[in-house]
Amino acid sequence: MRILILNGSPKRKKSDTMHITRAFVQGMEDAAPQEVNVIDIADKHIEFCVGCFTCKRNGGTCVHKDDMKSLIAEMLKSELLLFNFPLYGYGMPAQLKAFIERTMPLSCIKMKKVGERYEHIGQANFAHLRYLMICGCGFPNSKGNFEPAVAQFKLLFPRQHTIITVPESPMFNVPQADIVTKPRLELVREAGWQYAATGEISADLLAQIGSPMIPEETYAAIANGEQVVN
């Protein structure tokens, strides 16, 4: 499978969440060889969308001359778009959000009703694409944190999407936390294998991956710089 990893972390390769993504891709490669391309969005020149909708009326050509034209070409050549990002303001980091907004050339100004909502009609063939969101956050659990990002991802990509969210993700960059992070990454690797082999991940495995690695109160105390008594 041709996998395009869109790393939305401003920390680039040092991203906490990239530890999760690497484990997932390793699991996919356990099942079958994969063709993987990683793009650090923070290194790309991406202007903000100005809302002129020129691209939607002229066949898909944006008024900006930056890296988005080549990035969209890479997207359309891929089979799986893997969005890796940390939770910022209950959503995507700004650079990745700018990238998403600049995909407007993929659709035209005309729209059609799909189910209960309206969608813009595509100007390119992306029916072959599958979408995967891997998002980590620094909170002790998933309650009241990931919901806005998950809802947006489902609206952006209403078909063929898979979502993995992981709380306490800063621990993946802490070597002393290996005792809990390594087993979690093994679960993620298993999820990658499942996805490559079947196109799906079991609900039970997703729930395990999305659960806290250490007790919520302990994590919060450590994050607050408090003395933890065993």
# chains A, B, ... in the order shown; residues from 1 in each chain; ligands from 1
>>> select_by_dssp(residues="segment 45-112 of chain A", states="helix (DSSP H, G or I)", output="list of chain:residue names")
A:Thr54, A:Cys55, A:Lys56, A:Arg57, A:Met68, A:Lys69, A:Ser70, A:Leu71, A:Ile72, A:Ala73, A:Glu74, A:Met75, A:Leu76, A:Lys77, A:Ala94, A:Gln95, A:Leu96, A:Lys97, A:Ala98, A:Phe99, A:Ile100, A:Glu101, A:Met104, A:Pro105, A:Leu106
>>> residues_around(residues="Gly8 of chain A", least_positions_apart="3", cutoff="6 Å", atoms="only C-alpha atoms", output="ChimeraX atom specification")
/A:41,84-85,96
>>> residues_around(residues="Val180 of chain A", least_positions_apart="2", cutoff="9 Å", atoms="only C-alpha atoms", output="CSV table (one decimal) with N, CA, C and O atoms, in the first residue's frame")
chain,number,residue,atom,x,y,z
A,171,MET,N,4.4,10.7,27.4
A,171,MET,CA,5.3,9.7,27.9
A,171,MET,C,6.1,8.9,26.9
A,171,MET,O,7.1,8.3,27.2
A,177,ALA,N,9.6,5.9,31.0
A,177,ALA,CA,8.3,5.4,31.0
A,177,ALA,C,8.1,4.2,30.1
A,177,ALA,O,7.0,3.7,29.8
A,178,ASP,N,9.3,3.6,29.7
A,178,ASP,CA,9.3,2.5,28.8
A,178,ASP,C,8.4,1.3,29.3
A,178,ASP,O,7.8,0.5,28.5
A,182,LYS,N,6.1,0.8,26.1
A,182,LYS,CA,6.4,-0.3,25.2
A,182,LYS,C,5.3,-1.2,25.0
A,182,LYS,O,5.0,-1.6,23.8
A,183,PRO,N,4.6,-1.7,26.0
A,183,PRO,CA,3.4,-2.5,25.8
A,183,PRO,C,2.3,-1.8,25.0
A,183,PRO,O,1.7,-2.5,24.2
A,184,ARG,N,2.2,-0.5,25.2
A,184,ARG,CA,1.1,0.2,24.5
A,184,ARG,C,1.5,0.2,23.0
A,184,ARG,O,0.6,0.1,22.1
A,185,LEU,N,2.8,0.4,22.7
A,185,LEU,CA,3.2,0.5,21.3
A,185,LEU,C,3.1,-0.9,20.6
A,185,LEU,O,2.8,-1.0,19.4
A,213,MET,N,-2.3,4.9,30.2
A,213,MET,CA,-1.3,4.0,30.5
A,213,MET,C,-0.9,3.8,31.9
A,213,MET,O,-0.5,2.8,32.4
A,214,ILE,N,-1.1,4.9,32.7
A,214,ILE,CA,-0.9,4.9,34.1
A,214,ILE,C,-2.2,5.6,34.7
A,214,ILE,O,-2.9,6.2,34.0
>>> residues_around(residues="segment 98-110 of chain A", least_positions_apart="4", cutoff="6 Å", atoms="only C-alpha atoms", output="ChimeraX atom specification")
/A:48-49,55-56,60,120-124
>>> write_last_selection(atoms="N, CA, C and O atoms", output="short mmCIF file (atom, residue, chain, number, x, y, z; two decimals), in the first residue's frame")
data_model
loop_
_atom_site.label_atom_id
_atom_site.label_comp_id
_atom_site.auth_asym_id
_atom_site.auth_seq_id
_atom_site.Cartn_x
_atom_site.Cartn_y
_atom_site.Cartn_z
N PHE A 48 -1.95 30.60 3.81
CA PHE A 48 -3.32 30.46 4.28
C PHE A 48 -4.30 30.63 3.12
O PHE A 48 -4.10 31.46 2.22
N CYS A 49 -5.38 29.85 3.13
CA CYS A 49 -6.45 30.02 2.17
C CYS A 49 -7.07 31.41 2.38
O CYS A 49 -7.33 31.81 3.52
N CYS A 55 -10.06 28.42 -7.10
CA CYS A 55 -9.74 27.03 -7.43
C CYS A 55 -10.99 26.22 -7.72
O CYS A 55 -10.96 25.27 -8.52
N LYS A 56 -12.09 26.56 -7.07
CA LYS A 56 -13.33 25.81 -7.26
C LYS A 56 -14.05 26.16 -8.55
O LYS A 56 -14.97 25.47 -8.97
N GLY A 60 -9.40 23.86 -10.42
CA GLY A 60 -8.53 23.38 -9.36
C GLY A 60 -7.18 24.06 -9.24
O GLY A 60 -6.29 23.52 -8.58
N HIS A 120 -19.45 19.39 -1.48
CA HIS A 120 -18.98 19.90 -2.76
C HIS A 120 -18.60 18.73 -3.68
O HIS A 120 -18.08 17.72 -3.22
N ILE A 121 -18.86 18.89 -4.94
CA ILE A 121 -18.56 17.85 -5.93
C ILE A 121 -17.07 17.86 -6.24
O ILE A 121 -16.47 18.92 -6.43
N GLY A 122 -16.47 16.69 -6.29
CA GLY A 122 -15.03 16.58 -6.50
C GLY A 122 -14.57 17.02 -7.88
O GLY A 122 -15.28 16.86 -8.88
N GLN A 123 -13.34 17.54 -7.92
CA GLN A 123 -12.69 17.88 -9.19
C GLN A 123 -11.55 16.90 -9.49
O GLN A 123 -10.84 17.07 -10.47
N ALA A 124 -11.37 15.93 -8.62
CA ALA A 124 -10.33 14.92 -8.79
C ALA A 124 -10.89 13.59 -8.32
O ALA A 124 -11.87 13.54 -7.57
#
>>> select_by_dssp(residues="segment 99-199 of chain A", states="strand (DSSP E or B)", output="list in words")
Ser107, Cys108, Ile109, Lys110, Met111, Lys112, Lys113, Val114, Arg117, Tyr118, Glu119, His120, Ile121, Gly122, Arg130, Tyr131, Leu132, Met133, Ile134, Cys135, Gly136, His161, Thr162, Ile163, Ile164, Thr165 and Val166 of chain A
>>> residues_around(residues="Lys143 of chain A", least_positions_apart="2", cutoff="12 Å", atoms="only C-alpha atoms", output="PyMOL selection string")
chain A and resi 90+137+139-141+145-148+165-167+210-212+216
>>> write_last_selection(atoms="N, CA and C atoms", output="PDB file, in the first residue's frame")
ATOM      1  N   TYR A  90      -7.854  21.463  21.192  1.00  0.00           N
ATOM      2  CA  TYR A  90      -8.909  20.484  20.912  1.00  0.00           C
ATOM      3  C   TYR A  90      -9.090  20.228  19.414  1.00  0.00           C
ATOM      4  N   CYS A 137      -2.623  13.200  22.980  1.00  0.00           N
ATOM      5  CA  CYS A 137      -2.774  14.418  23.777  1.00  0.00           C
ATOM      6  C   CYS A 137      -2.069  14.261  25.117  1.00  0.00           C
ATOM      7  N   PHE A 139      -3.364  15.091  28.049  1.00  0.00           N
ATOM      8  CA  PHE A 139      -4.286  14.953  29.169  1.00  0.00           C
ATOM      9  C   PHE A 139      -4.264  13.509  29.696  1.00  0.00           C
ATOM     10  N   PRO A 140      -4.718  13.297  30.948  1.00  0.00           N
ATOM     11  CA  PRO A 140      -4.671  11.958  31.543  1.00  0.00           C
ATOM     12  C   PRO A 140      -5.677  10.963  30.978  1.00  0.00           C
ATOM     13  N   ASN A 141      -6.737  11.454  30.311  1.00  0.00           N
ATOM     14  CA  ASN A 141      -7.685  10.527  29.704  1.00  0.00           C
ATOM     15  C   ASN A 141      -8.277  11.157  28.449  1.00  0.00           C
ATOM     16  N   ASN A 145     -11.876  15.674  25.437  1.00  0.00           N
ATOM     17  CA  ASN A 145     -10.658  16.200  24.834  1.00  0.00           C
ATOM     18  C   ASN A 145     -10.602  15.998  23.318  1.00  0.00           C
ATOM     19  N   PHE A 146     -10.724  14.759  22.895  1.00  0.00           N
ATOM     20  CA  PHE A 146     -10.561  14.425  21.481  1.00  0.00           C
ATOM     21  C   PHE A 146     -11.820  14.666  20.633  1.00  0.00           C
ATOM     22  N   GLU A 147     -12.966  14.828  21.269  1.00  0.00           N
ATOM     23  CA  GLU A 147     -14.229  14.837  20.533  1.00  0.00           C
ATOM     24  C   GLU A 147     -14.278  15.835  19.375  1.00  0.00           C
ATOM     25  N   PRO A 148     -13.828  17.101  19.537  1.00  0.00           N
ATOM     26  CA  PRO A 148     -13.888  18.033  18.400  1.00  0.00           C
ATOM     27  C   PRO A 148     -13.024  17.597  17.221  1.00  0.00           C
ATOM     28  N   THR A 165      -6.939   7.483  18.989  1.00  0.00           N
ATOM     29  CA  THR A 165      -6.590   8.570  19.901  1.00  0.00           C
ATOM     30  C   THR A 165      -5.936   7.988  21.147  1.00  0.00           C
ATOM     31  N   VAL A 166      -4.896   8.667  21.627  1.00  0.00           N
ATOM     32  CA  VAL A 166      -4.116   8.140  22.750  1.00  0.00           C
ATOM     33  C   VAL A 166      -3.823   9.259  23.751  1.00  0.00           C
ATOM     34  N   PRO A 167      -4.344   9.163  24.980  1.00  0.00           N
ATOM     35  CA  PRO A 167      -4.002  10.146  26.012  1.00  0.00           C
ATOM     36  C   PRO A 167      -2.621   9.860  26.593  1.00  0.00           C
ATOM     37  N   GLY A 210      -6.611   3.390  23.480  1.00  0.00           N
ATOM     38  CA  GLY A 210      -7.055   4.714  23.891  1.00  0.00           C
ATOM     39  C   GLY A 210      -7.242   4.891  25.379  1.00  0.00           C
ATOM     40  N   SER A 211      -6.888   3.884  26.161  1.00  0.00           N
ATOM     41  CA  SER A 211      -7.033   3.988  27.615  1.00  0.00           C
ATOM     42  C   SER A 211      -5.765   4.573  28.242  1.00  0.00           C
ATOM     43  N   PRO A 212      -5.842   5.144  29.451  1.00  0.00           N
ATOM     44  CA  PRO A 212      -4.648   5.675  30.107  1.00  0.00           C
ATOM     45  C   PRO A 212      -3.609   4.581  30.363  1.00  0.00           C
ATOM     46  N   GLU A 216      -4.922   7.954  36.037  1.00  0.00           N
ATOM     47  CA  GLU A 216      -5.103   9.367  35.688  1.00  0.00           C
ATOM     48  C   GLU A 216      -4.535  10.298  36.755  1.00  0.00           C
TER      49      GLU A 216
END
>>> residues_around(residues="Phe172 of chain A", least_positions_apart="3", cutoff="8 Å", atoms="only C-alpha atoms", output="tab-separated table (two decimals) with all heavy atoms, in the first residue's frame")
chain	number	residue	atom	x	y	z
A	16	ASP	N	5.74	13.41	19.87
A	16	ASP	CA	5.30	12.32	20.75
A	16	ASP	C	4.44	11.33	19.98
A	16	ASP	O	4.57	10.11	20.10
A	16	ASP	CB	4.49	12.87	21.93
A	16	ASP	CG	5.24	13.92	22.74
A	16	ASP	OD1	6.47	13.85	22.81
A	16	ASP	OD2	4.57	14.82	23.29
A	17	THR	N	3.52	11.88	19.18
A	17	THR	CA	2.55	11.04	18.48
A	17	THR	C	3.20	10.20	17.38
A	17	THR	O	2.69	9.13	17.04
A	17	THR	CB	1.44	11.93	17.87
A	17	THR	OG1	0.97	12.83	18.88
A	17	THR	CG2	0.27	11.10	17.38
A	19	HIS	N	5.71	8.39	17.61
A	19	HIS	CA	6.05	7.07	18.17
A	19	HIS	C	4.89	6.09	17.91
A	19	HIS	O	5.12	4.92	17.58
A	19	HIS	CB	6.30	7.17	19.67
A	19	HIS	CG	7.57	7.87	20.04
A	19	HIS	ND1	8.79	7.23	20.12
A	19	HIS	CD2	7.81	9.17	20.33
A	19	HIS	CE1	9.73	8.10	20.46
A	19	HIS	NE2	9.16	9.29	20.60
A	169	SER	N	0.18	10.94	25.88
A	169	SER	CA	1.18	10.64	24.84
A	169	SER	C	2.56	11.26	25.06
A	169	SER	O	3.53	10.75	24.50
A	169	SER	CB	0.65	11.04	23.46
A	169	SER	OG	0.42	12.43	23.39
A	175	PRO	N	12.14	8.11	28.25
A	175	PRO	CA	12.70	6.76	28.34
A	175	PRO	C	12.32	6.03	29.63
A	175	PRO	O	12.13	4.81	29.63
A	175	PRO	CB	14.22	7.00	28.27
A	175	PRO	CG	14.36	8.29	27.53
A	175	PRO	CD	13.18	9.12	27.94
A	177	ALA	N	9.65	5.93	31.04
A	177	ALA	CA	8.28	5.42	30.98
A	177	ALA	C	8.14	4.18	30.10
A	177	ALA	O	7.04	3.70	29.85
A	177	ALA	CB	7.34	6.52	30.46
A	178	ASP	N	9.28	3.63	29.67
A	178	ASP	CA	9.26	2.47	28.77
A	178	ASP	C	8.43	1.31	29.30
A	178	ASP	O	7.85	0.54	28.53
A	178	ASP	CB	10.68	1.97	28.51
A	178	ASP	CG	11.39	2.79	27.43
A	178	ASP	OD1	10.76	3.71	26.88
A	178	ASP	OD2	12.56	2.50	27.16
A	181	THR	N	5.01	2.40	28.14
A	181	THR	CA	4.84	2.81	26.74
A	181	THR	C	5.15	1.68	25.76
A	181	THR	O	4.49	1.57	24.72
A	181	THR	CB	5.73	4.03	26.40
A	181	THR	OG1	7.11	3.72	26.68
A	181	THR	CG2	5.30	5.25	27.21
>>> residues_around(residues="Gly199 of chain A", least_positions_apart="2", cutoff="12 Å", atoms="only C-alpha atoms", output="MDAnalysis selection string")
chainID A and resid 1 28 31 80 130:132 160:162 191:197 201:202
>>> closest_residue(among="A:Glu226, A:Glu186, A:Glu47, A:Glu35", to="Lys97 of chain A", atoms="only C-alpha atoms")
A:Glu47
>>> decode(residues="segment 90-113 of chain A", atoms="N, CA and C atoms", output="mmCIF file, in the first residue's frame")
data_model
loop_
_atom_site.group_PDB
_atom_site.id
_atom_site.type_symbol
_atom_site.label_atom_id
_atom_site.label_comp_id
_atom_site.auth_asym_id
_atom_site.auth_seq_id
_atom_site.Cartn_x
_atom_site.Cartn_y
_atom_site.Cartn_z
ATOM 1 N N TYR A 90 -7.854 21.463 21.192
ATOM 2 C CA TYR A 90 -8.909 20.484 20.912
ATOM 3 C C TYR A 90 -9.090 20.228 19.414
ATOM 4 N N GLY A 91 -8.054 20.496 18.642
ATOM 5 C CA GLY A 91 -8.109 20.247 17.206
ATOM 6 C C GLY A 91 -6.717 20.021 16.647
ATOM 7 N N MET A 92 -6.561 20.307 15.360
ATOM 8 C CA MET A 92 -5.280 20.137 14.685
ATOM 9 C C MET A 92 -4.364 21.331 14.953
ATOM 10 N N PRO A 93 -3.038 21.129 14.941
ATOM 11 C CA PRO A 93 -2.117 22.259 14.947
ATOM 12 C C PRO A 93 -2.365 23.151 13.723
ATOM 13 N N ALA A 94 -2.042 24.420 13.849
ATOM 14 C CA ALA A 94 -2.392 25.414 12.832
ATOM 15 C C ALA A 94 -1.836 25.079 11.453
ATOM 16 N N GLN A 95 -0.600 24.566 11.402
ATOM 17 C CA GLN A 95 0.002 24.287 10.095
ATOM 18 C C GLN A 95 -0.738 23.173 9.360
ATOM 19 N N LEU A 96 -1.173 22.155 10.098
ATOM 20 C CA LEU A 96 -1.931 21.075 9.469
ATOM 21 C C LEU A 96 -3.325 21.552 9.082
ATOM 22 N N LYS A 97 -3.924 22.398 9.899
ATOM 23 C CA LYS A 97 -5.237 22.958 9.560
ATOM 24 C C LYS A 97 -5.148 23.781 8.276
ATOM 25 N N ALA A 98 -4.054 24.544 8.131
ATOM 26 C CA ALA A 98 -3.859 25.327 6.903
ATOM 27 C C ALA A 98 -3.750 24.399 5.695
ATOM 28 N N PHE A 99 -3.048 23.280 5.871
ATOM 29 C CA PHE A 99 -2.937 22.296 4.800
ATOM 30 C C PHE A 99 -4.317 21.772 4.406
ATOM 31 N N ILE A 100 -5.130 21.406 5.400
ATOM 32 C CA ILE A 100 -6.476 20.890 5.134
ATOM 33 C C ILE A 100 -7.300 21.917 4.359
ATOM 34 N N GLU A 101 -7.251 23.170 4.779
ATOM 35 C CA GLU A 101 -8.041 24.207 4.115
ATOM 36 C C GLU A 101 -7.595 24.426 2.670
ATOM 37 N N ARG A 102 -6.321 24.181 2.408
ATOM 38 C CA ARG A 102 -5.801 24.391 1.065
ATOM 39 C C ARG A 102 -6.050 23.208 0.132
ATOM 40 N N THR A 103 -6.774 22.189 0.614
ATOM 41 C CA THR A 103 -7.188 21.106 -0.285
ATOM 42 C C THR A 103 -8.478 21.455 -1.019
ATOM 43 N N MET A 104 -8.928 22.698 -0.914
ATOM 44 C CA MET A 104 -10.128 23.140 -1.626
ATOM 45 C C MET A 104 -10.084 22.866 -3.130
ATOM 46 N N PRO A 105 -8.924 22.917 -3.790
ATOM 47 C CA PRO A 105 -8.905 22.624 -5.229
ATOM 48 C C PRO A 105 -9.398 21.232 -5.601
ATOM 49 N N LEU A 106 -9.556 20.347 -4.616
ATOM 50 C CA LEU A 106 -10.038 18.997 -4.910
ATOM 51 C C LEU A 106 -11.537 18.955 -5.193
ATOM 52 N N SER A 107 -12.236 20.047 -4.911
ATOM 53 C CA SER A 107 -13.679 20.078 -5.165
ATOM 54 C C SER A 107 -14.069 21.379 -5.856
ATOM 55 N N CYS A 108 -15.238 21.368 -6.505
ATOM 56 C CA CYS A 108 -15.717 22.565 -7.207
ATOM 57 C C CYS A 108 -16.797 23.255 -6.384
ATOM 58 N N ILE A 109 -17.278 24.382 -6.884
ATOM 59 C CA ILE A 109 -18.244 25.176 -6.138
ATOM 60 C C ILE A 109 -19.612 24.507 -6.094
ATOM 61 N N LYS A 110 -19.891 23.622 -7.061
ATOM 62 C CA LYS A 110 -21.178 22.937 -7.080
ATOM 63 C C LYS A 110 -21.241 21.914 -5.951
ATOM 64 N N MET A 111 -22.462 21.647 -5.501
ATOM 65 C CA MET A 111 -22.618 20.710 -4.398
ATOM 66 C C MET A 111 -23.777 19.758 -4.653
ATOM 67 N N LYS A 112 -23.769 18.663 -3.884
ATOM 68 C CA LYS A 112 -24.834 17.669 -3.990
ATOM 69 C C LYS A 112 -25.176 17.180 -2.594
ATOM 70 N N LYS A 113 -26.377 16.634 -2.470
ATOM 71 C CA LYS A 113 -26.806 16.113 -1.180
ATOM 72 C C LYS A 113 -26.368 14.661 -1.059
#
